[in-house]
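So the structure is just underneath, and the comments pick up after that.
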Amino acid sequence: MATILIKNGRVWDGNQFFYADVLTDGEKIAKIAPCITDEATYVYDASGKIISAGLVDTHVHMRGISSEQFGIQAETSCFPFGVTAAADAGGRRGDKALLDSFMLKNVVFVGVGFKNNHADFGKAEQTLTQYGTKAIGIKVYFDASISEVSDITPLREVCELAHEKGLPVMVHCSNSPVKMSEILNTLRAGDILTHAFHGGKNNAAEDGFESIKKAQQRGVVIDTGFAGHIHTDFEVLKKAIQYGVIPNTISTDITRYSAYTRGGRYGMTMCMNIAKTLGMREEDIFRAVTSAPAKALGKQKEWGYLRVGRCADISVFDYTKEGFCLTDKAGNHIASESGYRCILTVADGEVVYRA
């Protein structure tokens, strides 16, 4: 395979920023050091740009894995935004062979529904078996507008089953019938609350973000789950950041609706831009899209870091004239003349996207 040398950039290795060059050799990272002079098949000058570990998206919906109504084409909705690994949040098909065919690295949260205010495990046990090691958790829609839920009972039932199996639970909490604190008190370390900064009834701001603060201290993962800025209220997230409540992970919840009906621009970089505009520090943003989601998905030994000997998954970003104007579901408006733009993505030592 070709060797790739990316020079003169500011490196984010999953823990910190520093200036260095990055050299690949086949599928692996060969060197990370200043002024690498080795010959390479492909040389890219990243002056003024960020060389990051490949991004990890905690919450996507892939075609053939999630419902056809929501599914995206995995690589074409991830590689152009620097994402080299992702978790499908609602897999119901049990098609491990399809997941294995993707170049995009992947895992699955198996979907479990609710019926008559109880967990409906249905085919979940079978689906978990079919996905094998690809299944790393269980996803539930604790949402009274799309699920038959009226109190905390069904969520407790799912958590009991998942925790018995040693699996984390991911909870969609928009339109919850109970307060955020009650949901979070049901979760344990390693579980993930997605759409954590939604607006409307039973949102995180109602108790001054105290329940989220306490949950984070216990090890519950707080995820944005932007969903094309439908499931995130900009004012709620802005206030959370001001109060010192920083999301552990930034995820897209990208579907065919968010990917293709918003000008074809929606992806992880847009979510990073929203977070930056609302006040998140650059270090916190890049941690929330690399090492933190890798850890949340149990993949910190494989994903989310740039280290010698690791898989050569690399993304290069510019912060440039990538302006945007967005209005969330509540009517809150944000805008910026600049934003992150992915200009190069390398997966397994191969260039898979170049702007």
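In the structure tokens, chains take letters A, B, ... by order of appearance, with residues numbered from 1 within each chain and ligands from 1 in the order shown.
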Quiz item: Hey, what's within 9 Å of A:Asn185 if we count only C-alpha atoms and toss same-chain stuff fewer than 4 positions away? As a ChimeraX atom specification, please?
Solution: /A:180-181,211,215
Exercise. Would you mind listing what lies within 10 Å of A:His163 as a PyMOL selection string, with only C-alpha atoms counted and same-chain residues fewer than 6 positions away left out?
Key: chain A and resi 137-138+169+187-188+191
Once you have the residues from the selection above, write them out as a CSV table (one decimal), in the first residue's frame, restricted to all heavy atoms.
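Written out: out28.csv:
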chain,number,residue,atom,x,y,z
A,137,GLY,N,-24.5,-2.5,22.5
A,137,GLY,CA,-25.4,-1.8,23.4
A,137,GLY,C,-26.9,-1.9,22.9
A,137,GLY,O,-27.1,-2.5,21.9
A,138,ILE,N,-27.8,-1.4,23.7
A,138,ILE,CA,-29.2,-1.3,23.4
A,138,ILE,C,-29.7,0.1,23.3
A,138,ILE,O,-29.3,0.9,24.1
A,138,ILE,CB,-30.0,-2.1,24.4
A,138,ILE,CG1,-29.7,-3.6,24.3
A,138,ILE,CG2,-31.5,-1.9,24.3
A,138,ILE,CD1,-30.4,-4.5,25.4
A,169,VAL,N,-26.8,1.2,27.7
A,169,VAL,CA,-28.1,1.6,27.1
A,169,VAL,C,-27.9,3.0,26.5
A,169,VAL,O,-27.3,3.9,27.2
A,169,VAL,CB,-29.2,1.6,28.1
A,169,VAL,CG1,-30.5,2.1,27.5
A,169,VAL,CG2,-29.4,0.2,28.7
A,187,LEU,N,-30.0,5.4,34.8
A,187,LEU,CA,-28.8,5.0,34.1
A,187,LEU,C,-27.6,4.9,35.0
A,187,LEU,O,-27.6,5.4,36.1
A,187,LEU,CB,-28.5,6.1,33.0
A,187,LEU,CG,-29.7,6.4,32.0
A,187,LEU,CD1,-29.2,7.4,31.0
A,187,LEU,CD2,-30.2,5.2,31.4
A,188,ARG,N,-26.7,4.1,34.5
A,188,ARG,CA,-25.5,3.9,35.3
A,188,ARG,C,-24.2,4.2,34.4
A,188,ARG,O,-24.4,4.6,33.3
A,188,ARG,CB,-25.4,2.4,35.7
A,188,ARG,CG,-25.1,1.4,34.6
A,188,ARG,CD,-24.9,0.0,35.2
A,188,ARG,NE,-24.5,-0.9,34.2
A,188,ARG,CZ,-24.3,-2.2,34.4
A,188,ARG,NH1,-24.5,-2.7,35.6
A,188,ARG,NH2,-23.9,-3.0,33.4
A,191,ASP,N,-23.7,4.2,30.4
A,191,ASP,CA,-24.9,4.4,29.6
A,191,ASP,C,-24.8,5.8,28.9
A,191,ASP,O,-24.1,6.7,29.4
A,191,ASP,CB,-26.2,4.3,30.5
A,191,ASP,CG,-26.4,2.9,31.0
A,191,ASP,OD1,-26.0,2.0,30.3
A,191,ASP,OD2,-27.1,2.8,32.0
Self-check item: For A:Ser150: contacts at 7 Å, only C-alpha atoms, fewer than 4 positions along chain excluded, given as a VMD selection string
Solution: chain A and resid 117 144 177
Quiz item: How would you write, as a count of residues only, the set of residues in stretch 36-244 of chain A that DSSP gives as helix (DSSP H, G or I)?
Solution: 64
Exercise. Tell me, as a PyMOL selection string, which residues lie within 6 Å of A:Asp253, counting only C-alpha atoms; anything in the same chain fewer than 5 positions away does not count.
Key: chain A and resi 59-60+225+227
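Of the residues listed (A:Gln16, A:Thr58, A:Thr76, A:Thr327), A:Thr58 shows the shortest atom-to-atom separation from A:Phe109; distances use only C-alpha atoms.
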Quiz prompt | All residues 10 Å or closer to A:Leu23, only C-alpha atoms, same chain fewer than 5 positions away omitted, as an MDAnalysis selection string | solution = chainID A and resid 3:7 28:33 36:40 42:43 308 312 349
Store the residues picked out above, limited to N, CA and C atoms, as a PDB file, in the first residue's frame.
ATOM      1  N   THR A   3       2.391   4.918   0.987  1.00  0.00           N
ATOM      2  CA  THR A   3       2.709   5.665   2.201  1.00  0.00           C
ATOM      3  C   THR A   3       2.187   7.084   2.030  1.00  0.00           C
ATOM      4  N   ILE A   4       1.692   7.656   3.107  1.00  0.00           N
ATOM      5  CA  ILE A   4       1.109   8.994   3.082  1.00  0.00           C
ATOM      6  C   ILE A   4       1.836   9.848   4.113  1.00  0.00           C
ATOM      7  N   LEU A   5       2.291  11.019   3.698  1.00  0.00           N
ATOM      8  CA  LEU A   5       2.956  11.960   4.605  1.00  0.00           C
ATOM      9  C   LEU A   5       2.142  13.249   4.645  1.00  0.00           C
ATOM     10  N   ILE A   6       1.646  13.588   5.819  1.00  0.00           N
ATOM     11  CA  ILE A   6       0.887  14.822   6.017  1.00  0.00           C
ATOM     12  C   ILE A   6       1.756  15.745   6.861  1.00  0.00           C
ATOM     13  N   LYS A   7       2.124  16.888   6.299  1.00  0.00           N
ATOM     14  CA  LYS A   7       3.145  17.744   6.899  1.00  0.00           C
ATOM     15  C   LYS A   7       2.583  19.070   7.411  1.00  0.00           C
ATOM     16  N   LYS A  28      -1.031   1.350   8.854  1.00  0.00           N
ATOM     17  CA  LYS A  28      -0.659   1.793  10.182  1.00  0.00           C
ATOM     18  C   LYS A  28      -0.015   3.182  10.184  1.00  0.00           C
ATOM     19  N   ILE A  29      -0.055   3.830  11.339  1.00  0.00           N
ATOM     20  CA  ILE A  29       0.697   5.061  11.565  1.00  0.00           C
ATOM     21  C   ILE A  29       2.147   4.674  11.836  1.00  0.00           C
ATOM     22  N   ALA A  30       3.072   5.195  11.023  1.00  0.00           N
ATOM     23  CA  ALA A  30       4.488   4.833  11.158  1.00  0.00           C
ATOM     24  C   ALA A  30       5.260   5.821  12.018  1.00  0.00           C
ATOM     25  N   LYS A  31       4.984   7.128  11.851  1.00  0.00           N
ATOM     26  CA  LYS A  31       5.710   8.153  12.606  1.00  0.00           C
ATOM     27  C   LYS A  31       4.801   9.342  12.876  1.00  0.00           C
ATOM     28  N   ILE A  32       4.994   9.946  14.030  1.00  0.00           N
ATOM     29  CA  ILE A  32       4.409  11.249  14.345  1.00  0.00           C
ATOM     30  C   ILE A  32       5.535  12.062  14.961  1.00  0.00           C
ATOM     31  N   ALA A  33       6.043  13.049  14.222  1.00  0.00           N
ATOM     32  CA  ALA A  33       7.212  13.795  14.690  1.00  0.00           C
ATOM     33  C   ALA A  33       7.353  15.071  13.863  1.00  0.00           C
ATOM     34  N   ILE A  36       9.361  15.342   9.422  1.00  0.00           N
ATOM     35  CA  ILE A  36       9.633  14.020   8.864  1.00  0.00           C
ATOM     36  C   ILE A  36      10.121  14.190   7.423  1.00  0.00           C
ATOM     37  N   THR A  37      11.227  13.528   7.085  1.00  0.00           N
ATOM     38  CA  THR A  37      11.826  13.687   5.751  1.00  0.00           C
ATOM     39  C   THR A  37      11.728  12.408   4.914  1.00  0.00           C
ATOM     40  N   ASP A  38      11.098  11.375   5.428  1.00  0.00           N
ATOM     41  CA  ASP A  38      10.956  10.126   4.683  1.00  0.00           C
ATOM     42  C   ASP A  38      10.217  10.369   3.369  1.00  0.00           C
ATOM     43  N   GLU A  39      10.584   9.624   2.355  1.00  0.00           N
ATOM     44  CA  GLU A  39       9.848   9.682   1.096  1.00  0.00           C
ATOM     45  C   GLU A  39       8.486   9.012   1.273  1.00  0.00           C
ATOM     46  N   ALA A  40       7.507   9.504   0.538  1.00  0.00           N
ATOM     47  CA  ALA A  40       6.160   8.940   0.621  1.00  0.00           C
ATOM     48  C   ALA A  40       5.517   8.971  -0.752  1.00  0.00           C
ATOM     49  N   TYR A  42       2.433   9.714  -1.302  1.00  0.00           N
ATOM     50  CA  TYR A  42       1.499  10.837  -1.344  1.00  0.00           C
ATOM     51  C   TYR A  42       1.877  11.809  -0.228  1.00  0.00           C
ATOM     52  N   VAL A  43       2.128  13.069  -0.583  1.00  0.00           N
ATOM     53  CA  VAL A  43       2.509  14.086   0.392  1.00  0.00           C
ATOM     54  C   VAL A  43       1.455  15.187   0.372  1.00  0.00           C
ATOM     55  N   VAL A 308       1.461   5.942  16.960  1.00  0.00           N
ATOM     56  CA  VAL A 308       2.301   5.062  16.149  1.00  0.00           C
ATOM     57  C   VAL A 308       1.882   3.617  16.398  1.00  0.00           C
ATOM     58  N   ALA A 312      -4.239   3.602  10.526  1.00  0.00           N
ATOM     59  CA  ALA A 312      -4.066   4.921   9.918  1.00  0.00           C
ATOM     60  C   ALA A 312      -5.418   5.498   9.509  1.00  0.00           C
ATOM     61  N   GLY A 349      -5.240   3.702   6.001  1.00  0.00           N
ATOM     62  CA  GLY A 349      -4.091   4.049   5.171  1.00  0.00           C
ATOM     63  C   GLY A 349      -4.408   4.392   3.745  1.00  0.00           C
TER      64      GLY A 349
END
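Atom CA of A:Phe317 is found 24.3 Å from atom CA of A:Asp88.
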Quiz item: Can you tell me, as a list in words, what residues are no more than 12 Å from A:Ala330 when counting only C-alpha atoms, ignoring any on the same chain fewer than 6 positions away?
Solution: His198, Gly199, Gly200, His229, Ile230, His231, Thr232, Asp233, Phe234, Glu235 and Val236 of chain A
Practice problem: Pull the strand (DSSP E or B) assignments for stretch 37-166 of chain A out of DSSP run on the backbone, and list those residues as a PyMOL selection string. | Solution: chain A and resi 42-45+50-53+55-60+62+72+83-91+105-115+118-120+135-141
Taking a cut-off of 10 Å and counting only C-alpha atoms, can you build a table that, for each residue of stretch 63-104 of chain A near stretch 276-295 of chain A, reports the nearest atom pair and how far apart they are in Å (one decimal), sorted by chain then residue number, as JSON lines?
{"residue": "A:Gly82", "atom": "CA", "partner": "A:Val289", "partner_atom": "CA", "distance": 9.9}
{"residue": "A:Val83", "atom": "CA", "partner": "A:Val289", "partner_atom": "CA", "distance": 8.7}
{"residue": "A:Thr84", "atom": "CA", "partner": "A:Thr290", "partner_atom": "CA", "distance": 9.9}
{"residue": "A:Ala85", "atom": "CA", "partner": "A:Ala294", "partner_atom": "CA", "distance": 8.8}
{"residue": "A:Ala86", "atom": "CA", "partner": "A:Pro293", "partner_atom": "CA", "distance": 9.1}
{"residue": "A:Ala87", "atom": "CA", "partner": "A:Pro293", "partner_atom": "CA", "distance": 9.5}
Next, the residues of the selection above should be written as an mmCIF file, in the first residue's frame with N, CA and C atoms.
data_model
loop_
_atom_site.group_PDB
_atom_site.id
_atom_site.type_symbol
_atom_site.label_atom_id
_atom_site.label_comp_id
_atom_site.auth_asym_id
_atom_site.auth_seq_id
_atom_site.Cartn_x
_atom_site.Cartn_y
_atom_site.Cartn_z
ATOM 1 N N GLY A 82 -14.947 13.660 7.720
ATOM 2 C CA GLY A 82 -13.844 13.226 8.557
ATOM 3 C C GLY A 82 -14.157 12.066 9.474
ATOM 4 N N VAL A 83 -15.355 11.492 9.371
ATOM 5 C CA VAL A 83 -15.765 10.388 10.241
ATOM 6 C C VAL A 83 -15.292 9.070 9.640
ATOM 7 N N THR A 84 -14.519 8.314 10.409
ATOM 8 C CA THR A 84 -14.005 7.021 9.941
ATOM 9 C C THR A 84 -14.585 5.849 10.728
ATOM 10 N N ALA A 85 -15.372 6.126 11.788
ATOM 11 C CA ALA A 85 -16.006 5.077 12.580
ATOM 12 C C ALA A 85 -17.315 5.614 13.136
ATOM 13 N N ALA A 86 -18.325 4.743 13.235
ATOM 14 C CA ALA A 86 -19.637 5.203 13.684
ATOM 15 C C ALA A 86 -20.419 4.064 14.314
ATOM 16 N N ALA A 87 -21.401 4.462 15.138
ATOM 17 C CA ALA A 87 -22.315 3.501 15.761
ATOM 18 C C ALA A 87 -23.713 3.729 15.226
#
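In this structure, atom CA of A:Ser67 sits 22.5 Å away from atom CA of A:Ile250.
Closest approach to A:Tyr340 from the set A:Asn15, A:Gln126, A:Thr41, A:Thr320 is made by A:Thr320, with distances taken over only C-alpha atoms.
As for atom CA of A:Tyr266 and atom CA of A:His172, they are spaced 20.3 Å apart.
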Quiz prompt | Distance query A:Gly122 at most 10 Å, only C-alpha atoms, self and fewer than 5 positions along chain excluded, as a ChimeraX atom specification | solution = /A:112-114,127
Next, dump the selected residues to file, keeping only all heavy atoms, as a PDB file, in the first residue's frame.
ATOM      1  N   VAL A 112     -34.712  -1.561  20.845  1.00  0.00           N
ATOM      2  CA  VAL A 112     -35.770  -2.223  21.622  1.00  0.00           C
ATOM      3  C   VAL A 112     -36.918  -1.239  21.763  1.00  0.00           C
ATOM      4  O   VAL A 112     -36.707  -0.080  22.156  1.00  0.00           O
ATOM      5  CB  VAL A 112     -35.270  -2.661  23.011  1.00  0.00           C
ATOM      6  CG1 VAL A 112     -36.433  -3.154  23.874  1.00  0.00           C
ATOM      7  CG2 VAL A 112     -34.217  -3.747  22.896  1.00  0.00           C
ATOM      8  N   GLY A 113     -38.122  -1.690  21.440  1.00  0.00           N
ATOM      9  CA  GLY A 113     -39.284  -0.812  21.493  1.00  0.00           C
ATOM     10  C   GLY A 113     -40.076  -0.962  22.778  1.00  0.00           C
ATOM     11  O   GLY A 113     -39.734  -1.748  23.672  1.00  0.00           O
ATOM     12  N   PHE A 114     -41.168  -0.175  22.888  1.00  0.00           N
ATOM     13  CA  PHE A 114     -42.056  -0.216  24.038  1.00  0.00           C
ATOM     14  C   PHE A 114     -43.481  -0.512  23.563  1.00  0.00           C
ATOM     15  O   PHE A 114     -43.889  -0.073  22.486  1.00  0.00           O
ATOM     16  CB  PHE A 114     -42.058   1.116  24.793  1.00  0.00           C
ATOM     17  CG  PHE A 114     -40.709   1.510  25.344  1.00  0.00           C
ATOM     18  CD1 PHE A 114     -40.236   2.802  25.168  1.00  0.00           C
ATOM     19  CD2 PHE A 114     -39.932   0.605  26.033  1.00  0.00           C
ATOM     20  CE1 PHE A 114     -39.011   3.188  25.680  1.00  0.00           C
ATOM     21  CE2 PHE A 114     -38.697   0.979  26.548  1.00  0.00           C
ATOM     22  CZ  PHE A 114     -38.227   2.270  26.368  1.00  0.00           C
ATOM     23  N   THR A 127     -31.574 -10.599  17.538  1.00  0.00           N
ATOM     24  CA  THR A 127     -30.794  -9.606  16.801  1.00  0.00           C
ATOM     25  C   THR A 127     -29.422  -9.416  17.432  1.00  0.00           C
ATOM     26  O   THR A 127     -28.414  -9.275  16.721  1.00  0.00           O
ATOM     27  CB  THR A 127     -31.552  -8.273  16.743  1.00  0.00           C
ATOM     28  OG1 THR A 127     -32.858  -8.493  16.207  1.00  0.00           O
ATOM     29  CG2 THR A 127     -30.828  -7.280  15.863  1.00  0.00           C
TER      30      THR A 127
END
Quiz prompt | Distance criterion (only C-alpha atoms): nearest to A:His333 out of A:Ile183, A:Ile274, A:Ala347, A:Leu128 | solution = A:Ile274
Quiz item: Which is closer to A:Ile65 than all the others in A:Phe81, A:Tyr305, A:Ala204, A:Thr255, using only C-alpha atoms?
Solution: A:Thr255
Practice problem: Identify which of the residues A:Arg341, A:Val178, A:Cys159, A:Asp318 lies closest to A:Asp45, counting only C-alpha atoms when measuring atom-to-atom distances. | Solution: A:Asp318
